Amino acid sequence: MLIELHIKNLALIKKADIYFKEGLSVLSGETGAGKSILIDSINLALGAKANKDIIRTGENEGFVELIFTLDEKRKEKLRAMDISFEDDMLILTRKISTSRSVCRINDETVTLNKLREITDTLIDIHGQHEHQSLLSAGNNLVLLDSFCQAELTKLKKELSNDYGELKKINQRIQEGIDERLRKREIDILEFEINEIKDANIKVNEEEELEQVFKKGKNISKINDVLVELLSELENESIGSNIREVSDIASLDDSLNIVVSNLNTIEDLISETVHYTNRYLDSLEYNEREYDRVIERLDTIRHIKSKYSNDYNKIQELLKEKEKRLNFLKDFGEEVVILRKSAGKLEESILEKCNDISIIRKNVAITLTERIKEELEDLNFLGVEFEIRFTKKDKISRDGYDAVDFLISTNPGQPLKPLQMVASGGELSRIMLALKTVFASSDDIKTLIFDEIDTGISGKTAVKVGEKLKNISKGRQVLCISHLPQIAVMADQNLFISKSTDGKTTQTNIDLLDKEGKIKEIARLIGGNGLTQGVLETAREMVQEADSRR
């Protein structure tokens with residue numbers, strides 16, 4: 001749920017801090033006071049494209065912040081997106097300057113794409129543009145499926161798996177159809193397989209050969225260093241020193257440790273001289289062996305540079321190439337098996353498509369009646385509504401159904417697709433009817449309605465207010481409106497006004513108490529002329545609305 005909105009230096013707003021409650025919040029005010037900037041600001045925080053012209057005149061940057069509380073379902077979704085949060089709170093901020101914009105999620109800087117990833121889980125904004133998106137033909141199937149999600153989830157998952165497997169099989173069949181390309185690939189695979197096998201690389205072989213190579217390359221240096229060492233060790237005798245220290249050790253027992261250490265040193269020198277002599281006797285330069293090592297290293301490095309530096313991956317790659325080669329060589333037999341598998345999958349896919357279509361059509365009957373009832377309740381008298389099914393030319397992961405929502409808002413007029421309904425007021429009410437019906441399957445907890453009251457008045461406005469109030473019982477609803485019939489149903493009323501000091505203009509947003517609400521309802525009824533009669537009418541409307549809650 002959205003609990004706070006903070007705006008600074010955007011359009012006419014110098015600074016605004018708005019705190020939202022549960023239920024229905026209605027924002028009203030004078031024309032041109034800046035109601036639309038609230039929606040624009042929320043959209044900016046959710047990742048909408050930023051225009052530098054939105055920054056308040058005379059300022060270098062603008063700022064907007066949204067603070068949400070999260071339920072368990074929302075937290076699970078955000079964790080799956082690697083979004084961290086604390087204390088069940090999520091804070092989205094957007095700072096916009098003339099040169100760039102910076103987005104943050106809980107103080108962590110993120111890209112616009114990352115920000116947009118999470119917005120669909122948090123808030124749903126409906127203005128005239130969003131109505132068109134909601135009512136587009138491409139979304140009809142999505143809306144219908146959301147209404148029968150429990151029945152379709154398993155079937156659609158199985159269909160998607162079969163569809164993906166069939167696509168892979170058809171791709172494999174297609175890969176082997178071109179005889180010229182198939183023979184060319186066979187030649188390449190045979191060469192690469194033989195190259196890897198002939199190289200016959202062993203585990204850790206390169207490291208071992210590098211040691212041999214280094215020894216051969218530096219054999220002269222090894223010989224010179226060891227010969228000089230022997231000369232030093234053989235010319236250096238500590239035997240006389242040991243005898244002299246042994247003699248004086250008889251005078252002081254504490255020198256026995258020195259004698260013992262000297263004897264050990266003499267033994268080590270003797271052993272070292274012996275081992276070094278043996279090593280030098282065996283040390284020889286074998287040019288043929290050295291050349292073989294260099295050639296072998298070149299072979300290993302060539303294979304690794306071409307295929308992989310990892311020995312295990314080279315072996316895996318070899319198996320894949322052999323499998324692919326066998327497939328291409330035995331393509332005639334293989335394709336028979338593949339086509340048989342494809343045939344079985346096609347049967348399974350068609351069966352699942354039929355089952356899915358039956359579920360959709362059964363649900364569509366109930367859904368049609370419910371939408372029609374909601375439309376009639378919103379003063380569409382004699383309305384006709386139909387969910388029409390046709391088969392697509394090609395099956396997809398969603399099945400073969402194409403779905404159109406058709407409507408006739410006046411008796412005697414033919415049914416037409418929703419997107420062909422021209423009136424903005426009709427679009428707003430149709431959208432509200434759909435949102436009311438689909439509310440039970442909709443996961444979004446915060447809904448914002450902008451221009452929901454376009455082109456309506458009287459009884460229809462009363463019905464719209466009641467619908468908004470009913471929707472707000474299960475979620476948070478924010479609505480910008482200029483109709484008293486809607487504003488009177490609000491749990492929270494916010495008044496948007498404009499003020500000036502003669503030099504600058506700014507938008508103000510105030511939370512209304514009960515008396516303030518009555519005055520605003522009166523203003524919406526009679527304009528700025530707040531007569532006692534208009535105020536009394538407003539008071540009666542508020543009391544009557546309270547009794548209907």
# chains A, B, ... in the order shown; residues from 1 in each chain; ligands from 1

$ select_by_dssp --residues "segment 407-478 of chain A" --states "alpha helix (DSSP H)" --output "mmCIF file with C-alpha atoms, in the first residue's frame"
data_model
loop_
_atom_site.group_PDB
_atom_site.id
_atom_site.type_symbol
_atom_site.label_atom_id
_atom_site.label_comp_id
_atom_site.auth_asym_id
_atom_site.auth_seq_id
_atom_site.Cartn_x
_atom_site.Cartn_y
_atom_site.Cartn_z
ATOM 1 C CA GLY A 424 -14.090 9.009 -22.952
ATOM 2 C CA GLY A 425 -16.853 8.823 -20.366
ATOM 3 C CA GLU A 426 -17.981 5.438 -21.667
ATOM 4 C CA LEU A 427 -14.405 4.178 -21.669
ATOM 5 C CA SER A 428 -13.966 5.242 -18.042
ATOM 6 C CA ARG A 429 -17.118 3.448 -16.928
ATOM 7 C CA ILE A 430 -16.368 0.312 -18.971
ATOM 8 C CA MET A 431 -12.899 0.201 -17.457
ATOM 9 C CA LEU A 432 -14.370 0.626 -13.970
ATOM 10 C CA ALA A 433 -16.846 -2.210 -14.610
ATOM 11 C CA LEU A 434 -14.001 -4.491 -15.742
ATOM 12 C CA LYS A 435 -11.838 -3.496 -12.790
ATOM 13 C CA THR A 436 -14.743 -4.221 -10.410
ATOM 14 C CA VAL A 437 -15.242 -7.705 -11.876
ATOM 15 C CA PHE A 438 -11.561 -8.556 -12.077
ATOM 16 C CA GLY A 458 -26.124 12.614 -11.968
ATOM 17 C CA LYS A 459 -27.061 9.002 -11.166
ATOM 18 C CA THR A 460 -24.124 7.645 -13.135
ATOM 19 C CA ALA A 461 -21.724 9.665 -11.001
ATOM 20 C CA VAL A 462 -23.376 8.248 -7.855
ATOM 21 C CA LYS A 463 -22.910 4.702 -9.184
ATOM 22 C CA VAL A 464 -19.258 5.387 -10.045
ATOM 23 C CA GLY A 465 -18.653 6.687 -6.520
ATOM 24 C CA GLU A 466 -20.238 3.562 -5.044
ATOM 25 C CA LYS A 467 -18.136 1.296 -7.286
ATOM 26 C CA LEU A 468 -14.938 3.053 -6.287
ATOM 27 C CA LYS A 469 -15.919 2.716 -2.633
ATOM 28 C CA ASN A 470 -16.648 -1.019 -3.054
ATOM 29 C CA ILE A 471 -13.300 -1.619 -4.774
#

$ residues_around --residues "segment 519-532 of chain A" --least-positions-apart "2" --cutoff "9 Å" --atoms "only C-alpha atoms" --output "list in words"
Ser28, Gly29, His482, Leu483, Pro484, Gln485, Ala487, Val488, Asn493, Phe495, Leu512, Lys514, Glu515, Gly516, Lys517, Val534, Leu535, Glu536, Thr537, Ala538, Arg539, Met541 and Val542 of chain A

$ closest_residue --among "A:Glu373, A:Glu205, A:Glu232, A:Glu271" --to "Ile300 of chain A" --atoms "only C-alpha atoms"
A:Glu205

$ select_by_dssp --residues "segment 199-434 of chain A" --states "strand (DSSP E)" --output "PyMOL selection string"
chain A and resi 384-396+399-408+416-417

$ residues_around --residues "Leu92 of chain A" --least-positions-apart "2" --cutoff "6 Å" --atoms "only C-alpha atoms" --output "list in words"
Glu65, Leu66, Arg104 and Ile105 of chain A

$ closest_residue --among "A:Ile509, A:Phe147, A:Glu61, A:Ile188" --to "Asn362 of chain A" --atoms "only C-alpha atoms"
A:Phe147
